[in-house]
>>> print(open('input_25.cif').read())   # mmCIF, C-alpha atoms
data_entry
loop_
_atom_site.group_PDB
_atom_site.id
_atom_site.type_symbol
_atom_site.label_atom_id
_atom_site.label_comp_id
_atom_site.auth_asym_id
_atom_site.auth_seq_id
_atom_site.Cartn_x
_atom_site.Cartn_y
_atom_site.Cartn_z
ATOM 1 C CA MET Q 1 -1.925 -3.581 26.025
ATOM 2 C CA ASN Q 2 -5.126 -4.808 24.429
ATOM 3 C CA LYS Q 3 -4.726 -7.883 22.251
ATOM 4 C CA LYS Q 4 -4.124 -6.790 18.643
ATOM 5 C CA ASN Q 5 -5.669 -8.519 15.651
ATOM 6 C CA THR Q 6 -2.660 -8.840 13.364
ATOM 7 C CA ALA Q 7 -3.479 -9.715 9.754
ATOM 8 C CA ILE Q 8 -0.822 -10.789 7.278
ATOM 9 C CA LEU Q 9 -1.845 -10.373 3.643
ATOM 10 C CA ILE Q 10 -0.662 -13.249 1.455
ATOM 11 C CA PHE Q 11 -1.223 -13.965 -2.223
ATOM 12 C CA ASP Q 12 0.164 -16.005 -5.089
ATOM 13 C CA ASP Q 13 3.929 -15.514 -5.429
ATOM 14 C CA ALA Q 14 4.288 -13.852 -2.043
ATOM 15 C CA GLU Q 15 7.819 -14.126 -0.664
ATOM 16 C CA VAL Q 16 7.774 -16.812 2.053
ATOM 17 C CA LEU Q 17 9.948 -15.107 4.655
ATOM 18 C CA ASP Q 18 8.042 -11.856 4.147
ATOM 19 C CA PHE Q 19 5.006 -13.415 5.795
ATOM 20 C CA ALA Q 20 6.541 -16.302 7.746
ATOM 21 C CA GLY Q 21 9.066 -14.065 9.537
ATOM 22 C CA PRO Q 22 6.533 -11.595 10.950
ATOM 23 C CA PHE Q 23 4.098 -14.453 11.617
ATOM 24 C CA GLU Q 24 6.717 -16.158 13.786
ATOM 25 C CA VAL Q 25 7.761 -13.025 15.667
ATOM 26 C CA PHE Q 26 4.255 -11.854 16.547
ATOM 27 C CA SER Q 27 3.001 -15.390 17.288
ATOM 28 C CA VAL Q 28 5.919 -16.321 19.523
ATOM 29 C CA ALA Q 29 5.717 -13.001 21.359
ATOM 30 C CA SER Q 30 2.074 -13.701 22.102
ATOM 31 C CA ASN Q 31 2.683 -17.362 23.004
ATOM 32 C CA LEU Q 32 5.259 -16.298 25.575
ATOM 33 C CA HIS Q 33 2.682 -13.987 27.168
ATOM 34 C CA ASN Q 34 -0.266 -16.364 27.536
ATOM 35 C CA ASP Q 35 -1.514 -15.545 24.032
ATOM 36 C CA GLN Q 36 -2.563 -12.101 25.253
ATOM 37 C CA LEU Q 37 -0.593 -9.832 22.908
ATOM 38 C CA PHE Q 38 -1.450 -10.632 19.289
ATOM 39 C CA ASN Q 39 -4.055 -12.654 17.425
ATOM 40 C CA VAL Q 40 -2.104 -13.413 14.251
ATOM 41 C CA PHE Q 41 -3.840 -14.650 11.119
ATOM 42 C CA THR Q 42 -3.367 -14.770 7.360
ATOM 43 C CA ILE Q 43 -5.704 -13.208 4.856
ATOM 44 C CA ALA Q 44 -5.820 -13.544 1.075
ATOM 45 C CA PRO Q 45 -7.867 -12.263 -1.850
ATOM 46 C CA LYS Q 46 -9.924 -15.480 -1.660
ATOM 47 C CA LYS Q 47 -10.206 -18.198 0.985
ATOM 48 C CA GLN Q 48 -8.380 -20.779 -1.057
ATOM 49 C CA PRO Q 49 -4.772 -21.992 -1.027
ATOM 50 C CA ILE Q 50 -2.190 -19.580 -2.360
ATOM 51 C CA ALA Q 51 1.076 -20.649 -3.977
ATOM 52 C CA ALA Q 52 3.856 -18.570 -2.497
ATOM 53 C CA VAL Q 53 7.263 -18.115 -4.142
ATOM 54 C CA ASN Q 54 8.900 -21.457 -4.944
ATOM 55 C CA GLY Q 55 5.570 -23.266 -4.699
ATOM 56 C CA LEU Q 56 4.849 -23.308 -0.965
ATOM 57 C CA SER Q 57 1.093 -23.810 -0.561
ATOM 58 C CA ILE Q 58 -0.584 -21.872 2.254
ATOM 59 C CA ASN Q 59 -4.207 -21.982 3.401
ATOM 60 C CA PRO Q 60 -5.253 -18.462 4.432
ATOM 61 C CA ASP Q 61 -7.392 -18.073 7.535
ATOM 62 C CA TYR Q 62 -9.652 -15.482 5.936
ATOM 63 C CA ALA Q 63 -10.535 -13.831 2.642
ATOM 64 C CA ILE Q 64 -10.607 -10.075 2.191
ATOM 65 C CA SER Q 65 -14.393 -10.337 1.844
ATOM 66 C CA GLU Q 66 -14.882 -11.581 5.420
ATOM 67 C CA HIS Q 67 -12.505 -11.250 8.350
ATOM 68 C CA PRO Q 68 -12.229 -9.857 11.894
ATOM 69 C CA LYS Q 69 -11.391 -6.250 12.626
ATOM 70 C CA ILE Q 70 -7.732 -5.579 11.819
ATOM 71 C CA ASP Q 71 -5.541 -3.581 14.185
ATOM 72 C CA ILE Q 72 -2.239 -4.303 12.446
ATOM 73 C CA LEU Q 73 -2.104 -4.983 8.710
ATOM 74 C CA ILE Q 74 1.079 -6.542 7.346
ATOM 75 C CA ILE Q 75 1.425 -6.620 3.554
ATOM 76 C CA SER Q 76 3.822 -9.275 2.289
ATOM 77 C CA GLY Q 77 6.142 -8.660 -0.627
ATOM 78 C CA GLY Q 78 7.248 -10.856 -3.479
ATOM 79 C CA VAL Q 79 6.949 -10.888 -7.253
ATOM 80 C CA GLY Q 80 3.198 -11.360 -6.822
ATOM 81 C CA THR Q 81 2.868 -7.723 -5.791
ATOM 82 C CA ARG Q 82 3.220 -6.723 -9.453
ATOM 83 C CA LYS Q 83 -0.086 -8.393 -10.351
ATOM 84 C CA LEU Q 84 -1.818 -6.795 -7.380
ATOM 85 C CA LEU Q 85 -1.121 -3.335 -8.770
ATOM 86 C CA ASP Q 86 -3.961 -3.912 -11.234
ATOM 87 C CA ASP Q 87 -6.324 -5.587 -8.749
ATOM 88 C CA ARG Q 88 -8.769 -2.806 -7.938
ATOM 89 C CA VAL Q 89 -10.739 -4.909 -5.471
ATOM 90 C CA LEU Q 90 -7.618 -5.744 -3.469
ATOM 91 C CA LEU Q 91 -6.307 -2.176 -3.623
ATOM 92 C CA ASP Q 92 -9.625 -0.747 -2.453
ATOM 93 C CA TRP Q 93 -9.659 -3.269 0.391
ATOM 94 C CA VAL Q 94 -6.164 -2.261 1.534
ATOM 95 C CA ALA Q 95 -7.120 1.417 1.388
ATOM 96 C CA ALA Q 96 -10.285 0.812 3.437
ATOM 97 C CA VAL Q 97 -8.543 -1.362 6.041
ATOM 98 C CA HIS Q 98 -5.677 1.122 6.336
ATOM 99 C CA GLU Q 99 -8.201 3.777 7.368
ATOM 100 C CA GLN Q 100 -9.103 1.640 10.390
ATOM 101 C CA THR Q 101 -5.734 0.173 11.431
ATOM 102 C CA GLN Q 102 -3.538 1.221 14.298
ATOM 103 C CA ILE Q 103 -0.495 0.249 12.223
ATOM 104 C CA THR Q 104 -0.064 -0.607 8.531
ATOM 105 C CA VAL Q 105 3.103 -2.417 7.505
ATOM 106 C CA SER Q 106 4.692 -3.425 4.219
ATOM 107 C CA ILE Q 107 7.466 -5.968 4.001
ATOM 108 C CA CYS Q 108 9.938 -5.854 1.121
ATOM 109 C CA SER Q 109 8.167 -5.177 -2.193
ATOM 110 C CA GLY Q 110 4.817 -4.974 -0.415
ATOM 111 C CA SER Q 111 5.656 -1.258 -0.582
ATOM 112 C CA ARG Q 112 4.376 -1.382 -4.164
ATOM 113 C CA ILE Q 113 0.817 -1.663 -2.848
ATOM 114 C CA LEU Q 114 1.151 1.330 -0.551
ATOM 115 C CA GLY Q 115 2.905 3.272 -3.283
ATOM 116 C CA GLN Q 116 0.196 2.493 -5.829
ATOM 117 C CA LEU Q 117 -2.396 3.828 -3.385
ATOM 118 C CA GLY Q 118 -0.477 7.076 -2.929
ATOM 119 C CA LEU Q 119 0.050 6.369 0.764
ATOM 120 C CA LEU Q 120 3.803 6.935 0.540
ATOM 121 C CA ASN Q 121 3.715 10.279 -1.252
ATOM 122 C CA ARG Q 122 6.230 12.665 0.356
ATOM 123 C CA LYS Q 123 6.937 10.031 3.016
ATOM 124 C CA PRO Q 124 10.063 7.975 3.758
ATOM 125 C CA TYR Q 125 9.925 4.294 2.880
ATOM 126 C CA CYS Q 126 12.040 1.160 2.543
ATOM 127 C CA THR Q 127 11.726 -1.757 0.154
ATOM 128 C CA HIS Q 128 13.820 -4.503 -1.413
ATOM 129 C CA HIS Q 129 17.005 -3.096 -2.952
ATOM 130 C CA GLU Q 130 15.941 -4.314 -6.412
ATOM 131 C CA VAL Q 131 12.524 -2.629 -6.165
ATOM 132 C CA TYR Q 132 13.526 1.003 -5.611
ATOM 133 C CA GLY Q 133 13.685 1.579 -9.374
ATOM 134 C CA HIS Q 134 10.140 0.317 -9.858
ATOM 135 C CA MET Q 135 8.969 2.366 -6.890
ATOM 136 C CA ASP Q 136 10.336 5.474 -8.598
ATOM 137 C CA LEU Q 137 7.750 4.810 -11.324
ATOM 138 C CA ILE Q 138 4.874 3.807 -9.045
ATOM 139 C CA ALA Q 139 5.366 6.463 -6.377
ATOM 140 C CA PRO Q 140 7.735 9.164 -7.678
ATOM 141 C CA GLU Q 141 6.854 11.480 -4.773
ATOM 142 C CA ALA Q 142 7.832 8.917 -2.126
ATOM 143 C CA VAL Q 143 11.166 9.313 -0.345
ATOM 144 C CA PRO Q 144 13.427 6.218 -0.554
ATOM 145 C CA MET Q 145 15.523 5.345 2.494
ATOM 146 C CA LYS Q 146 17.941 2.899 0.904
ATOM 147 C CA HIS Q 147 20.368 2.895 3.824
ATOM 148 C CA LYS Q 148 17.790 1.807 6.425
ATOM 149 C CA ARG Q 149 16.298 -1.570 7.384
ATOM 150 C CA PHE Q 150 12.874 -0.016 7.963
ATOM 151 C CA ALA Q 151 11.190 3.372 8.034
ATOM 152 C CA LYS Q 152 8.234 5.000 9.791
ATOM 153 C CA ALA Q 153 5.786 7.457 8.242
ATOM 154 C CA GLY Q 154 2.935 8.162 10.634
ATOM 155 C CA LYS Q 155 1.232 4.837 11.280
ATOM 156 C CA ILE Q 156 2.857 3.286 8.194
ATOM 157 C CA TYR Q 157 5.988 1.199 8.588
ATOM 158 C CA THR Q 158 7.921 -0.194 5.624
ATOM 159 C CA SER Q 159 10.848 -2.594 5.672
ATOM 160 C CA GLY Q 160 13.631 -3.437 3.293
ATOM 161 C CA GLY Q 161 13.994 -6.799 1.631
ATOM 162 C CA ILE Q 162 12.887 -10.137 3.034
ATOM 163 C CA SER Q 163 14.780 -10.576 6.340
ATOM 164 C CA ALA Q 164 14.335 -6.897 7.260
ATOM 165 C CA GLY Q 165 10.690 -7.701 7.960
ATOM 166 C CA ILE Q 166 11.806 -9.715 10.971
ATOM 167 C CA ASP Q 167 13.730 -6.716 12.329
ATOM 168 C CA LEU Q 168 10.700 -4.485 11.851
ATOM 169 C CA SER Q 169 8.449 -7.036 13.555
ATOM 170 C CA PHE Q 170 10.693 -7.067 16.615
ATOM 171 C CA HIS Q 171 10.691 -3.269 16.637
ATOM 172 C CA LEU Q 172 6.887 -3.250 16.639
ATOM 173 C CA VAL Q 173 6.678 -5.866 19.397
ATOM 174 C CA ALA Q 174 9.028 -3.747 21.508
ATOM 175 C CA MET Q 175 7.023 -0.611 20.770
ATOM 176 C CA LEU Q 176 3.638 -2.185 21.539
ATOM 177 C CA ALA Q 177 4.453 -4.717 24.262
ATOM 178 C CA GLY Q 178 7.738 -3.471 25.665
ATOM 179 C CA LYS Q 179 11.401 -4.185 25.106
ATOM 180 C CA ASP Q 180 11.361 -7.144 27.497
ATOM 181 C CA ALA Q 181 8.749 -8.881 25.344
ATOM 182 C CA ALA Q 182 10.899 -8.414 22.245
ATOM 183 C CA VAL Q 183 14.040 -9.631 24.042
ATOM 184 C CA ALA Q 184 12.249 -12.732 25.359
ATOM 185 C CA THR Q 185 10.908 -13.493 21.896
ATOM 186 C CA ALA Q 186 14.338 -13.131 20.317
ATOM 187 C CA ALA Q 187 15.875 -15.387 22.979
ATOM 188 C CA TYR Q 188 13.299 -18.090 22.277
ATOM 189 C CA MET Q 189 13.870 -17.783 18.533
ATOM 190 C CA GLU Q 190 17.660 -17.637 19.026
ATOM 191 C CA TYR Q 191 17.664 -14.433 17.000
ATOM 192 C CA ASN Q 192 20.445 -11.866 17.345
ATOM 193 C CA LEU Q 193 18.251 -8.915 18.227
ATOM 194 C CA GLN Q 194 19.485 -5.363 17.734
ATOM 195 C CA LEU Q 195 16.648 -2.994 18.508
ATOM 196 C CA GLN Q 196 16.699 0.414 16.824
#
>>> encode(input="input_25.cif", output="C-alpha coordinates")
Amino acid sequence: MNKKNTAILIFDDAEVLDFAGPFEVFSVASNLHNDQLFNVFTIAPKKQPIAAVNGLSINPDYAISEHPKIDILIISGGVGTRKLLDDRVLLDWVAAVHEQTQITVSICSGSRILGQLGLLNRKPYCTHHEVYGHMDLIAPEAVPMKHKRFAKAGKIYTSGGISAGIDLSFHLVAMLAGKDAAVATAAYMEYNLQLQ
(Lines of atoms letter the chains of each structure in order from A and count residues from 1; the text may use other names and numbers.)
(Lines give C-alpha, C1' and ligand atoms only; values in the text may rest on other atoms or scores of the structure.)
Protein backbone atom coordinates (compact mmCIF):
# COMPACT_ATOMS: atom_id res chain seq x y z
CA MET A 1 0.00 0.00 0.00
CA ASN A 2 1.04 3.60 -0.48
CA LYS A 3 1.89 5.44 2.73
CA LYS A 4 -1.24 7.20 4.03
CA ASN A 5 -1.21 10.68 5.53
CA THR A 6 -3.33 10.15 8.63
CA ALA A 7 -4.53 13.34 10.31
CA ILE A 8 -6.09 13.35 13.76
CA LEU A 9 -8.19 16.43 14.49
CA ILE A 10 -7.76 17.67 18.06
CA PHE A 11 -9.21 20.69 19.83
CA ASP A 12 -9.86 22.07 23.29
CA ASP A 13 -11.69 19.52 25.46
CA ALA A 14 -11.04 16.64 23.09
CA GLU A 15 -11.22 13.26 24.83
CA VAL A 16 -7.63 12.04 25.31
CA LEU A 17 -8.08 8.39 24.39
CA ASP A 18 -10.13 9.39 21.34
CA PHE A 19 -7.00 10.77 19.73
CA ALA A 20 -4.24 8.98 21.65
CA GLY A 21 -5.68 5.51 20.97
CA PRO A 22 -5.82 5.83 17.18
CA PHE A 23 -2.50 7.72 17.21
CA GLU A 24 -0.85 4.77 18.95
CA VAL A 25 -2.40 2.10 16.74
CA PHE A 26 -1.57 3.74 13.42
CA SER A 27 1.89 4.89 14.58
CA VAL A 28 2.91 1.52 15.98
CA ALA A 29 1.61 -0.28 12.89
CA SER A 30 3.79 1.95 10.75
CA ASN A 31 6.81 1.69 13.08
CA LEU A 32 6.67 -2.09 12.83
CA HIS A 33 6.78 -1.82 9.03
CA ASN A 34 9.73 0.53 8.57
CA ASP A 35 7.49 3.59 8.85
CA GLN A 36 6.03 2.78 5.43
CA LEU A 37 2.32 2.48 6.25
CA PHE A 38 1.06 5.69 7.86
CA ASN A 39 2.33 9.22 8.39
CA VAL A 40 0.37 10.13 11.51
CA PHE A 41 0.02 13.73 12.64
CA THR A 42 -2.26 15.94 14.71
CA ILE A 43 -4.10 18.95 13.38
CA ALA A 44 -6.04 21.65 15.23
CA PRO A 45 -8.01 24.79 14.45
CA LYS A 46 -4.84 26.81 15.16
CA LYS A 47 -1.19 25.81 15.55
CA GLN A 48 -1.11 26.44 19.26
CA PRO A 49 -1.41 24.11 22.26
CA ILE A 50 -4.84 22.66 22.90
CA ALA A 51 -6.10 21.66 26.34
CA ALA A 52 -7.69 18.25 26.06
CA VAL A 53 -10.14 16.84 28.62
CA ASN A 54 -8.71 16.93 32.14
CA GLY A 55 -6.11 19.52 31.13
CA LEU A 56 -3.64 17.53 29.03
CA SER A 57 -1.77 20.03 26.85
CA ILE A 58 -0.98 18.91 23.30
CA ASN A 59 1.00 20.74 20.61
CA PRO A 60 -0.63 20.04 17.23
CA ASP A 61 1.62 19.39 14.26
CA TYR A 62 -0.46 21.51 11.91
CA ALA A 63 -3.32 24.00 11.79
CA ILE A 64 -6.32 23.56 9.53
CA SER A 65 -5.06 26.53 7.51
CA GLU A 66 -1.88 24.74 6.40
CA HIS A 67 -1.20 21.01 6.34
CA PRO A 68 -0.23 18.14 4.02
CA LYS A 69 -2.73 16.29 1.89
CA ILE A 70 -4.93 14.09 4.08
CA ASP A 71 -5.75 10.52 3.09
CA ILE A 72 -7.35 9.50 6.38
CA LEU A 73 -9.09 12.06 8.59
CA ILE A 74 -9.82 11.05 12.17
CA ILE A 75 -12.11 13.37 14.15
CA SER A 76 -11.70 13.08 17.91
CA GLY A 77 -14.65 13.27 20.26
CA GLY A 78 -15.09 14.87 23.64
CA VAL A 79 -17.18 17.62 25.18
CA GLY A 80 -15.32 20.09 22.96
CA THR A 81 -17.28 18.86 19.96
CA ARG A 82 -20.28 20.86 21.18
CA LYS A 83 -18.47 24.16 20.61
CA LEU A 84 -17.32 23.05 17.17
CA LEU A 85 -20.92 22.76 16.00
CA ASP A 86 -20.98 26.55 15.72
CA ASP A 87 -17.50 26.91 14.22
CA ARG A 88 -18.24 27.51 10.55
CA VAL A 89 -14.58 27.70 9.57
CA LEU A 90 -13.84 24.32 11.14
CA LEU A 91 -17.00 22.73 9.73
CA ASP A 92 -16.24 23.99 6.23
CA TRP A 93 -12.70 22.64 6.55
CA VAL A 94 -13.95 19.18 7.55
CA ALA A 95 -16.42 19.17 4.66
CA ALA A 96 -13.70 20.17 2.17
CA VAL A 97 -11.16 17.65 3.47
CA HIS A 98 -13.78 14.89 3.51
CA GLU A 99 -14.27 15.42 -0.22
CA GLN A 100 -10.62 14.49 -0.77
CA THR A 101 -10.06 11.71 1.80
CA GLN A 102 -9.89 8.00 1.19
CA ILE A 103 -11.42 7.44 4.63
CA THR A 104 -13.10 9.80 7.11
CA VAL A 105 -13.44 8.63 10.70
CA SER A 106 -15.17 9.92 13.81
CA ILE A 107 -14.36 8.64 17.27
CA CYS A 108 -16.96 8.80 20.02
CA SER A 109 -18.82 12.14 19.98
CA GLY A 110 -16.79 13.28 16.97
CA SER A 111 -19.91 12.00 15.18
CA ARG A 112 -21.49 15.35 16.08
CA ILE A 113 -19.31 17.05 13.46
CA LEU A 114 -20.28 14.63 10.71
CA GLY A 115 -23.90 14.81 11.78
CA GLN A 116 -23.91 18.60 11.75
CA LEU A 117 -22.59 18.52 8.18
CA GLY A 118 -25.35 16.16 7.08
CA LEU A 119 -22.84 13.45 6.20
CA LEU A 120 -24.65 10.82 8.26
CA ASN A 121 -28.13 11.38 6.86
CA ARG A 122 -29.79 8.00 6.16
CA LYS A 123 -26.52 6.28 7.09
CA PRO A 124 -25.63 4.00 10.02
CA TYR A 125 -23.39 5.47 12.69
CA CYS A 126 -21.99 4.86 16.17
CA THR A 127 -21.15 7.31 18.93
CA HIS A 128 -20.75 7.46 22.70
CA HIS A 129 -23.77 5.94 24.46
CA GLU A 130 -24.55 9.28 26.14
CA VAL A 131 -24.49 11.18 22.83
CA TYR A 132 -27.17 9.32 20.86
CA GLY A 133 -29.86 11.61 22.29
CA HIS A 134 -28.03 14.72 21.12
CA MET A 135 -27.40 13.12 17.74
CA ASP A 136 -31.15 12.64 17.36
CA LEU A 137 -31.39 16.45 17.41
CA ILE A 138 -28.35 17.17 15.25
CA ALA A 139 -28.90 14.46 12.64
CA PRO A 140 -32.44 13.08 12.96
CA GLU A 141 -32.14 11.26 9.61
CA ALA A 142 -29.03 9.33 10.68
CA VAL A 143 -29.40 5.69 11.69
CA PRO A 144 -28.00 4.88 15.17
CA MET A 145 -26.27 1.53 15.66
CA LYS A 146 -26.22 1.41 19.44
CA HIS A 147 -25.32 -2.28 19.64
CA LYS A 148 -22.12 -1.96 17.57
CA ARG A 149 -18.57 -0.83 18.38
CA PHE A 150 -18.22 0.88 15.00
CA ALA A 151 -20.11 1.30 11.75
CA LYS A 152 -19.28 1.87 8.08
CA ALA A 153 -21.17 4.13 5.68
CA GLY A 154 -19.32 4.39 2.39
CA LYS A 155 -15.93 5.88 3.18
CA ILE A 156 -17.15 7.13 6.57
CA TYR A 157 -16.43 5.08 9.68
CA THR A 158 -17.80 6.00 13.10
CA SER A 159 -16.99 4.40 16.44
CA GLY A 160 -18.71 4.21 19.78
CA GLY A 161 -17.33 5.78 22.91
CA ILE A 162 -13.68 6.34 23.74
CA SER A 163 -12.05 2.86 23.71
CA ALA A 164 -14.07 1.78 20.65
CA GLY A 165 -11.84 4.07 18.60
CA ILE A 166 -8.96 1.68 19.23
CA ASP A 167 -11.01 -1.24 17.88
CA LEU A 168 -11.92 0.76 14.78
CA SER A 169 -8.28 1.75 14.26
CA PHE A 170 -7.21 -1.89 14.29
CA HIS A 171 -9.99 -2.71 11.84
CA LEU A 172 -8.73 -0.02 9.47
CA VAL A 173 -5.11 -1.16 9.78
CA ALA A 174 -6.22 -4.70 8.92
CA MET A 175 -8.28 -3.45 6.00
CA LEU A 176 -5.54 -1.23 4.57
CA ALA A 177 -2.35 -3.10 5.47
CA GLY A 178 -3.54 -6.64 6.08
CA LYS A 179 -4.58 -8.71 9.06
CA ASP A 180 -0.98 -9.66 9.86
CA ALA A 181 -0.09 -5.99 10.33
CA ALA A 182 -2.98 -5.53 12.75
CA VAL A 183 -2.09 -8.71 14.67
CA ALA A 184 1.57 -7.66 14.96
CA THR A 185 0.55 -4.22 16.18
CA ALA A 186 -1.80 -5.67 18.78
CA ALA A 187 0.90 -8.07 19.99
CA TYR A 188 3.35 -5.19 20.45
CA MET A 189 0.73 -3.15 22.29
CA GLU A 190 -0.37 -6.20 24.32
CA TYR A 191 -3.91 -5.52 23.18
CA ASN A 192 -6.54 -8.27 23.09
CA LEU A 193 -7.45 -7.94 19.44
CA GLN A 194 -10.77 -9.24 18.14
CA LEU A 195 -11.10 -8.25 14.51
CA GLN A 196 -14.61 -7.88 13.11
>>> resolve_selection(input="input_25.cif", expression="the PyMOL selection byres ((chain Q and resi 18) around 9)", output="number ranges by chain")
Q: 14-17, 19-23, 75-78, 107-108, 110, 161-166
>>> residues_near_point(input="input_25.cif", point="(-10.0, 2.1, 11.5)", cutoff="12 Å", atoms="all atoms listed in the file", output="list in words")
Lys69, Ile70, Asp71, Ile72, Leu73, Val94, Ala95, Ala96, Val97, His98, Glu99, Gln100, Thr101, Gln102, Ile103, Thr104 and Lys155 of chain Q
>>> atom_distance(input="input_25.cif", atom1="CA of Thr127 in chain Q", atom2="CA of Thr158 in chain Q")
6.8 Å
>>> atom_distance(input="input_25.cif", atom1="CA of Leu90 in chain Q", atom2="CA of Pro45 in chain Q")
6.7 Å
>>> atom_distance(input="input_25.cif", atom1="CA of Lys179 in chain Q", atom2="CA of Ser109 in chain Q")
27.5 Å
>>> residues_around(input="input_25.cif", residues="range 185-190 of chain Q", least_positions_apart="5", cutoff="12 Å", atoms="all atoms listed in the file", output="mmCIF file with C-alpha atoms, keeping the file's coordinate frame")
data_model
loop_
_atom_site.group_PDB
_atom_site.id
_atom_site.type_symbol
_atom_site.label_atom_id
_atom_site.label_comp_id
_atom_site.auth_asym_id
_atom_site.auth_seq_id
_atom_site.Cartn_x
_atom_site.Cartn_y
_atom_site.Cartn_z
ATOM 1 C CA GLY Q 21 9.066 -14.065 9.537
ATOM 2 C CA PRO Q 22 6.533 -11.595 10.950
ATOM 3 C CA GLU Q 24 6.717 -16.158 13.786
ATOM 4 C CA VAL Q 25 7.761 -13.025 15.667
ATOM 5 C CA PHE Q 26 4.255 -11.854 16.547
ATOM 6 C CA SER Q 27 3.001 -15.390 17.288
ATOM 7 C CA VAL Q 28 5.919 -16.321 19.523
ATOM 8 C CA ALA Q 29 5.717 -13.001 21.359
ATOM 9 C CA SER Q 30 2.074 -13.701 22.102
ATOM 10 C CA ASN Q 31 2.683 -17.362 23.004
ATOM 11 C CA LEU Q 32 5.259 -16.298 25.575
ATOM 12 C CA HIS Q 33 2.682 -13.987 27.168
ATOM 13 C CA ILE Q 166 11.806 -9.715 10.971
ATOM 14 C CA ASP Q 167 13.730 -6.716 12.329
ATOM 15 C CA SER Q 169 8.449 -7.036 13.555
ATOM 16 C CA PHE Q 170 10.693 -7.067 16.615
ATOM 17 C CA HIS Q 171 10.691 -3.269 16.637
ATOM 18 C CA VAL Q 173 6.678 -5.866 19.397
ATOM 19 C CA ALA Q 174 9.028 -3.747 21.508
ATOM 20 C CA ALA Q 177 4.453 -4.717 24.262
ATOM 21 C CA GLY Q 178 7.738 -3.471 25.665
ATOM 22 C CA LYS Q 179 11.401 -4.185 25.106
ATOM 23 C CA ASP Q 180 11.361 -7.144 27.497
ATOM 24 C CA LEU Q 195 16.648 -2.994 18.508
#
>>> closest_residue(input="input_25.cif", among="Q:Thr6, Q:Glu66, Q:Gly160, Q:Glu130", to="Ser111 in chain Q", atoms="all atoms listed in the file")
Q:Gly160
>>> closest_residue(input="input_25.cif", among="Q:Pro60, Q:Pro124, Q:Gly80, Q:Pro49", to="Ala142 in chain Q", atoms="all atoms listed in the file")
Q:Pro124
>>> resolve_selection(input="input_25.cif", expression="the PyMOL selection byres ((chain Q and resi 118) around 12)", output="ChimeraX atom specification")
/Q:85,91,94-95,111-117,119-123,135,137-142
>>> resolve_selection(input="input_25.cif", expression="the PyMOL selection byres ((chain Q and resi 51) around 10)", output="PDB file with C-alpha atoms, in the frame of the given file")
ATOM      1  CA  ILE Q  10      -0.662 -13.249   1.455  1.00  0.00           C
ATOM      2  CA  PHE Q  11      -1.223 -13.965  -2.223  1.00  0.00           C
ATOM      3  CA  ASP Q  12       0.164 -16.005  -5.089  1.00  0.00           C
ATOM      4  CA  ASP Q  13       3.929 -15.514  -5.429  1.00  0.00           C
ATOM      5  CA  ALA Q  14       4.288 -13.852  -2.043  1.00  0.00           C
ATOM      6  CA  GLU Q  15       7.819 -14.126  -0.664  1.00  0.00           C
ATOM      7  CA  VAL Q  16       7.774 -16.812   2.053  1.00  0.00           C
ATOM      8  CA  GLN Q  48      -8.380 -20.779  -1.057  1.00  0.00           C
ATOM      9  CA  PRO Q  49      -4.772 -21.992  -1.027  1.00  0.00           C
ATOM     10  CA  ILE Q  50      -2.190 -19.580  -2.360  1.00  0.00           C
ATOM     11  CA  ALA Q  52       3.856 -18.570  -2.497  1.00  0.00           C
ATOM     12  CA  VAL Q  53       7.263 -18.115  -4.142  1.00  0.00           C
ATOM     13  CA  ASN Q  54       8.900 -21.457  -4.944  1.00  0.00           C
ATOM     14  CA  GLY Q  55       5.570 -23.266  -4.699  1.00  0.00           C
ATOM     15  CA  LEU Q  56       4.849 -23.308  -0.965  1.00  0.00           C
ATOM     16  CA  SER Q  57       1.093 -23.810  -0.561  1.00  0.00           C
ATOM     17  CA  ILE Q  58      -0.584 -21.872   2.254  1.00  0.00           C
ATOM     18  CA  ASN Q  59      -4.207 -21.982   3.401  1.00  0.00           C
ATOM     19  CA  GLY Q  80       3.198 -11.360  -6.822  1.00  0.00           C
TER      20      GLY Q  80
END
